[in-house]
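Undergrad: I have a structure I would like to understand better, so I am pasting it below and will then ask my questions one at a time.
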Amino acid sequence: MSVAQNVQPHQRLGWLRWTVLASLVLSLLFGLALANARQGAETFRRALPGYVFQFPQDHAAHPEFRTEWWYYTGHLIAAKGRRFGFQLTFFRHALRPPAPERKSRWALNNLYFVHFAITDEEEGTFRFQEKVSRGALDTAGARSEQYHVWVEGWEARSQDNSHKLRAGKEDMGIDLTLVPTKTAVVHGKDGVSQKAVGEGYGSHYYSLTRMHARGKLQWRGSSLEVSGQAWMDHEFGSNQLREYQVGWDWFSVQLNDRTELMLYIIRQREGRADPSSSGTLVHPDGASEHLPLEKFKVETLSSWHSKKSGTTYPSGWRLRLPSKQLDVRLIPAVEDQELTTKKSTLVNYWEGSVRVTGNYRGKAISGLGYVELTGYDTAFRPDI
């Protein structure tokens, strides 16, 4: 339920004025971000070949890069087998490169956003929340010395060998501990996940593809003990998409034999898959293989039309790796898992839990996954 639906009629005018003011302020901030990025793009560090990851240090922030995000998805089970999906994503977007002389707690150096979503697969419902902050007075931030990113009371941080997540308000929230059961997998080649033709048009990108999850889910007035599995992505770079690219389709799959698969297809304006699209196959022992575009096939099975945004998205997919004898279908657990982020990134996108069935090396296989679809509403803005 939106904020507008919760207020009384005599409060609606005040709420509307606040919304308009917030939109104007946010537009100004984005304008500042774009202007600074265009004036000083070369002063940010670019994602170039040869980057060597070091863990756990690389879980922390990389302020020398312009854009960074920490992204968690997962599948939780409560009492009596009740299933939920969750997404929690923290974004950092720098307005200017870091400089020693700008140490004021009021300085406007970064914008921080967070998106949080829950899918109730039993009820067939989906809800999301969002926050935005400029980080003044430590209301939001991302530490570079040790992993901790937060926006007000929502946070992700490291603790011993685990990750702690807290997010949500009112009758929707999570308090989870995630423990990796596999080592980090670096995507791409030579430390770079290429997103477009040209030097620096990419990111440094890794995943923790299988994490054991345990904790509490606040949902509709109940506090539920939950457990399950999760996936963590972390990307940082300064230039990714180019002007002829409009968005991407991203897939993560966790199969029940402990195999994982990540694929992304970056779409060009005329609808073709960009040659930079790629993926990674992760074997049960943690070893991984880079998958260039010619090694996999993605087929859309259907579509879904959003009444909220008027956007039509693909819905249901067949993923194939012919050389690996892998052929799986991904079906959304709930059709409507669209985020319309009017208070933060101003981007409409579909991000949802999917169920996976198919065959791998001649045997039936099943699993769980998440799919992200951007650029179907309007072309994705490379500057955010």
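Every chain in the structure tokens has a letter given in the order shown (A, B, ...), and although residue numbers restart at 1 in each chain, ligands are simply numbered from 1 in the order shown.
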Can I get the residues of segment 235-304 of chain A within 12 Å of segment 170-190 of chain A, each with the closest pair of atoms and their distance in Å to one decimal, using only C-alpha atoms, sorted chain first then ascending number, as CSV?
TA:
residue,atom,partner,partner_atom,distance
A:Glu235,CA,A:His187,CA,10.0
A:Arg258,CA,A:Lys182,CA,9.7
A:Thr259,CA,A:Lys182,CA,10.8
A:Glu260,CA,A:Val185,CA,10.5
A:Leu261,CA,A:Val185,CA,10.9
A:Met262,CA,A:His187,CA,9.0
A:Leu263,CA,A:His187,CA,10.1
A:Tyr264,CA,A:His187,CA,11.0
A:Ser276,CA,A:Gly188,CA,9.9
A:Ser277,CA,A:Gly188,CA,9.9
A:Ser278,CA,A:Gly188,CA,7.5
A:Gly279,CA,A:His187,CA,7.3
A:Thr280,CA,A:His187,CA,6.4
A:Leu281,CA,A:His187,CA,9.6
A:Val282,CA,A:Val185,CA,7.8
A:His283,CA,A:Lys182,CA,10.2
A:Pro284,CA,A:Lys182,CA,8.9
A:Asp285,CA,A:Lys182,CA,8.0
A:Gly286,CA,A:Lys182,CA,6.1
A:Ala287,CA,A:Val185,CA,8.2
A:Ser288,CA,A:Val185,CA,7.0
A:Glu289,CA,A:His187,CA,8.8
A:His290,CA,A:Gly188,CA,6.2
A:Leu291,CA,A:Gly188,CA,8.3
A:Pro292,CA,A:Gly188,CA,8.7
A:Leu293,CA,A:Gly188,CA,11.6
Undergrad: Keeping only C-alpha atoms, write those residues as a tab-separated table (two decimals), in the first residue's frame.
TA:
chain	number	residue	atom	x	y	z
A	235	GLU	CA	29.76	-4.35	-8.81
A	258	ARG	CA	24.79	-26.92	-6.13
A	259	THR	CA	25.44	-25.63	-9.66
A	260	GLU	CA	24.84	-21.91	-10.23
A	261	LEU	CA	24.41	-19.86	-13.38
A	262	MET	CA	24.57	-16.10	-14.00
A	263	LEU	CA	23.71	-14.62	-17.40
A	264	TYR	CA	23.15	-11.05	-18.58
A	276	SER	CA	29.42	-7.82	-24.65
A	277	SER	CA	26.65	-9.89	-23.02
A	278	SER	CA	28.05	-12.83	-21.09
A	279	GLY	CA	27.68	-15.10	-18.08
A	280	THR	CA	29.31	-17.53	-15.67
A	281	LEU	CA	28.68	-21.19	-14.90
A	282	VAL	CA	29.64	-22.19	-11.35
A	283	HIS	CA	30.22	-25.87	-10.65
A	284	PRO	CA	29.34	-27.63	-7.37
A	285	ASP	CA	32.98	-27.47	-6.21
A	286	GLY	CA	33.09	-23.68	-6.76
A	287	ALA	CA	35.13	-23.73	-9.98
A	288	SER	CA	33.69	-21.39	-12.62
A	289	GLU	CA	33.65	-20.91	-16.40
A	290	HIS	CA	33.21	-17.66	-18.33
A	291	LEU	CA	30.39	-17.84	-20.90
A	292	PRO	CA	30.58	-15.48	-23.90
A	293	LEU	CA	27.32	-14.71	-25.69
Undergrad: Need to verify the contact set: segment 311-325 of chain A, 8 Å, only C-alpha atoms, exclusion of same-chain residues closer than 3 positions in sequence. Can you return it as a count of residues only?
TA: 27
Undergrad: Quick one: residues within 8 Å of Gly191 of chain A, only C-alpha atoms, excluding same-chain residues fewer than 3 positions away - as a PyMOL selection string?
TA: chain A and resi 48-53+186-188+204-205
Undergrad: With only C-alpha atoms as the atoms that count, which of A:Gln146, A:Gly375, A:Phe236, A:Glu225 lies nearest to Ile266 of chain A?
TA: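 Looking only at the distances to Ile266 of chain A, the closest residue turns out to be A:Gly375.
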Undergrad: Using only C-alpha atoms, which residue out of A:Arg96, A:Lys195, A:Arg45, A:Arg66 lies closest to Gln268 of chain A?
TA: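 Going through A:Arg96, A:Lys195, A:Arg45, A:Arg66 one by one, the smallest distance to Gln268 of chain A is for A:Lys195.
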Undergrad: Do you have the atom CA of His163 of chain A-atom CA of Thr357 of chain A distance handy?
TA: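 Result for atom CA of His163 of chain A versus atom CA of Thr357 of chain A: 29.1 Å, one decimal.
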Undergrad: Please measure the separation of atom CA of Arg272 of chain A and atom CA of Tyr370 of chain A, giving the value in Å to one decimal.
TA: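 These two atoms are separated by 22.3 Å.
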Undergrad: Rounded to one decimal, what separation in Å do you get between atom CA of Gln87 of chain A and atom CA of Leu108 of chain A?
TA: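 Calculated distance between atom CA of Gln87 of chain A and atom CA of Leu108 of chain A is 27.5 Å.
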Undergrad: I need the residues in segment 130-336 of chain A that are strand (DSSP E or B) according to DSSP; give them as a ChimeraX atom specification.
TA: /A:130-133,140-142,148-151,154-159,162-169,172-180,185-186,189,192-194,201-219,222-239,245-255,260-268,273,278-282,288-292,297-300,303-305,312-314,317-321,326-332
Undergrad: Store the residues picked out above in a file with C-alpha atoms, as a compact mmCIF listing (two decimals), in the first residue's frame.
TA:
# COMPACT_ATOMS: atom_id res chain seq x y z
CA GLU A 130 12.83 2.43 -1.01
CA LYS A 131 15.05 5.07 0.55
CA VAL A 132 17.35 7.82 -0.73
CA SER A 133 19.93 9.90 1.12
CA ALA A 140 23.97 7.03 4.93
CA GLY A 141 27.35 5.81 3.82
CA ALA A 142 29.62 3.03 2.64
CA HIS A 148 29.35 -1.65 5.99
CA VAL A 149 26.83 0.16 3.80
CA TRP A 150 23.73 1.82 5.23
CA VAL A 151 20.90 4.23 4.58
CA TRP A 154 18.81 -0.17 6.75
CA GLU A 155 22.20 -1.82 6.43
CA ALA A 156 24.41 -4.60 5.12
CA ARG A 157 27.67 -5.36 6.88
CA SER A 158 30.21 -8.05 7.54
CA GLN A 159 30.45 -9.82 10.88
CA SER A 162 28.86 -13.73 7.68
CA HIS A 163 26.84 -10.87 6.23
CA LYS A 164 24.18 -9.15 8.34
CA LEU A 165 21.16 -7.57 6.63
CA ARG A 166 18.54 -5.30 8.17
CA ALA A 167 15.86 -3.46 6.24
CA GLY A 168 12.21 -2.51 6.25
CA LYS A 169 9.64 -0.69 8.31
CA MET A 172 7.58 -5.54 6.28
CA GLY A 173 11.20 -6.16 7.22
CA ILE A 174 14.14 -8.56 7.43
CA ASP A 175 16.87 -9.22 9.97
CA LEU A 176 19.05 -11.92 8.41
CA THR A 177 22.45 -13.54 8.78
CA LEU A 178 23.94 -14.91 5.56
CA VAL A 179 26.87 -17.33 5.58
CA PRO A 180 28.67 -18.04 2.27
CA VAL A 185 33.20 -15.98 -8.14
CA VAL A 186 34.71 -13.22 -10.30
CA LYS A 189 37.80 -11.90 -18.11
CA VAL A 192 36.57 -7.05 -15.86
CA SER A 193 32.92 -7.72 -16.67
CA GLN A 194 32.67 -5.95 -20.03
CA TYR A 201 33.04 0.30 -20.34
CA GLY A 202 32.53 -2.39 -17.76
CA SER A 203 32.72 -3.15 -14.07
CA HIS A 204 34.58 -5.21 -11.55
CA TYR A 205 31.92 -7.76 -10.65
CA TYR A 206 31.82 -10.78 -8.37
CA SER A 207 29.16 -12.90 -6.69
CA LEU A 208 28.68 -15.06 -3.65
CA THR A 209 26.42 -17.50 -5.46
CA ARG A 210 25.24 -19.62 -2.52
CA MET A 211 24.74 -18.30 1.00
CA HIS A 212 22.86 -19.95 3.84
CA ALA A 213 20.25 -17.54 5.23
CA ARG A 214 18.67 -17.52 8.67
CA GLY A 215 16.82 -14.91 10.70
CA LYS A 216 13.50 -13.13 10.99
CA LEU A 217 10.97 -11.79 8.51
CA GLN A 218 8.42 -9.20 9.60
CA TRP A 219 5.35 -9.64 7.45
CA SER A 222 3.80 -11.38 12.23
CA SER A 223 7.41 -12.12 13.09
CA LEU A 224 8.43 -15.26 11.22
CA GLU A 225 11.52 -17.39 11.78
CA VAL A 226 12.94 -18.13 8.34
CA SER A 227 15.83 -19.95 6.68
CA GLY A 228 16.87 -20.52 3.11
CA GLN A 229 19.47 -19.52 0.54
CA ALA A 230 20.67 -16.24 -0.90
CA TRP A 231 22.89 -14.73 -3.62
CA MET A 232 25.06 -11.61 -3.33
CA ASP A 233 26.36 -9.46 -6.21
CA HIS A 234 28.81 -6.58 -5.86
CA GLU A 235 29.76 -4.35 -8.81
CA PHE A 236 31.78 -1.17 -9.09
CA GLY A 237 32.89 0.89 -12.07
CA SER A 238 32.73 4.35 -13.61
CA ASN A 239 31.42 3.78 -17.14
CA GLN A 245 22.24 0.46 -25.19
CA VAL A 246 18.87 0.61 -23.40
CA GLY A 247 18.93 -1.93 -20.57
CA TRP A 248 19.58 -5.51 -19.61
CA ASP A 249 18.04 -8.86 -18.72
CA TRP A 250 19.91 -10.50 -15.82
CA PHE A 251 19.43 -14.06 -14.58
CA SER A 252 20.70 -15.88 -11.50
CA VAL A 253 19.98 -19.59 -11.05
CA GLN A 254 20.74 -21.89 -8.09
CA LEU A 255 20.22 -25.54 -9.04
CA GLU A 260 24.84 -21.91 -10.23
CA LEU A 261 24.41 -19.86 -13.38
CA MET A 262 24.57 -16.10 -14.00
CA LEU A 263 23.71 -14.62 -17.40
CA TYR A 264 23.15 -11.05 -18.58
CA ILE A 265 22.00 -9.81 -21.95
CA ILE A 266 22.51 -6.11 -22.62
CA ARG A 267 20.02 -4.88 -25.20
CA GLN A 268 20.78 -2.40 -27.94
CA ALA A 273 21.77 -8.54 -27.79
CA SER A 278 28.05 -12.83 -21.09
CA GLY A 279 27.68 -15.10 -18.08
CA THR A 280 29.31 -17.53 -15.67
CA LEU A 281 28.68 -21.19 -14.90
CA VAL A 282 29.64 -22.19 -11.35
CA SER A 288 33.69 -21.39 -12.62
CA GLU A 289 33.65 -20.91 -16.40
CA HIS A 290 33.21 -17.66 -18.33
CA LEU A 291 30.39 -17.84 -20.90
CA PRO A 292 30.58 -15.48 -23.90
CA LYS A 297 20.69 -19.08 -25.64
CA VAL A 298 17.86 -17.15 -23.98
CA GLU A 299 14.29 -17.55 -25.25
CA THR A 300 11.35 -15.51 -23.95
CA SER A 303 4.98 -11.47 -21.48
CA TRP A 304 3.29 -9.53 -18.69
CA HIS A 305 1.75 -6.03 -18.81
CA THR A 312 5.19 -4.75 -20.96
CA TYR A 313 7.93 -7.09 -19.73
CA PRO A 314 9.07 -10.56 -20.81
CA TRP A 317 12.37 -17.82 -20.06
CA ARG A 318 14.21 -20.81 -21.45
CA LEU A 319 17.97 -20.77 -20.83
CA ARG A 320 20.22 -23.16 -22.72
CA LEU A 321 23.92 -23.97 -22.66
CA LEU A 326 21.87 -27.56 -19.73
CA ASP A 327 18.28 -26.62 -20.62
CA VAL A 328 16.08 -24.95 -17.98
CA ARG A 329 12.88 -22.92 -17.80
CA LEU A 330 12.36 -20.01 -15.41
CA ILE A 331 8.78 -19.21 -14.38
CA PRO A 332 7.97 -16.19 -12.15
Undergrad: Among segment 51-226 of chain A, which ones does DSSP assign to helix (DSSP H, G or I) (computed from the backbone)? Answer as a PyMOL selection string.
TA: chain A and resi 57-59+79-81+136-138
Undergrad: Please dump the current selection as a CSV table (one decimal), in the first residue's frame; keep C-alpha atoms.
TA:
chain,number,residue,atom,x,y,z
A,57,GLN,CA,38.5,-6.3,1.6
A,58,ASP,CA,36.7,-6.0,-1.7
A,59,HIS,CA,33.3,-6.4,0.0
A,79,ALA,CA,6.9,-22.5,9.2
A,80,LYS,CA,4.8,-25.1,7.3
A,81,GLY,CA,6.9,-24.5,4.2
A,136,ALA,CA,25.1,14.1,5.4
A,137,LEU,CA,25.8,13.6,9.1
A,138,ASP,CA,26.4,9.9,8.6
Undergrad: Here is a test: counting only C-alpha atoms, which residue of A:Pro97, A:Ile77, A:Leu368, A:Phe86 is nearest to Phe44 of chain A?
TA: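 Smallest distance to Phe44 of chain A is found for A:Pro97.
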Undergrad: Can you work out which one of A:Glu122, A:Pro63, A:Gly367, A:Gly310 has the shortest atom-to-atom distance to Asn348 of chain A, counting only C-alpha atoms?
TA: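 Residue with the minimum atom-to-atom distance to Asn348 of chain A: A:Gly310.
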Undergrad: Pick the closest to Glu243 of chain A from A:His75, A:Arg220, A:Arg269, A:Arg355: which is it, counting only C-alpha atoms?
TA: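 The closest residue to Glu243 of chain A is A:Arg269.
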Undergrad: Find the spatial neighbours of Ala117 of chain A, counting only C-alpha atoms, within a cut-off of 8 Å - ignore same-chain residues fewer than 6 positions away - and output them as a list of chain:residue names.
TA: A:Phe86, A:Gln87, A:Leu88, A:Phe126, A:Arg127, A:Phe128, A:Gln129
Undergrad: Give me a file of those residues, with C-alpha atoms, as a CSV table (one decimal), in the first residue's frame.
TA:
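Dumped to again31.csv:
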chain,number,residue,atom,x,y,z
A,86,PHE,CA,13.5,-11.1,-1.1
A,87,GLN,CA,15.6,-8.4,-2.7
A,88,LEU,CA,17.8,-5.9,-1.0
A,126,PHE,CA,4.7,-8.4,-3.9
A,127,ARG,CA,5.6,-5.3,-2.0
A,128,PHE,CA,8.6,-3.0,-2.1
A,129,GLN,CA,10.1,-0.1,-0.2
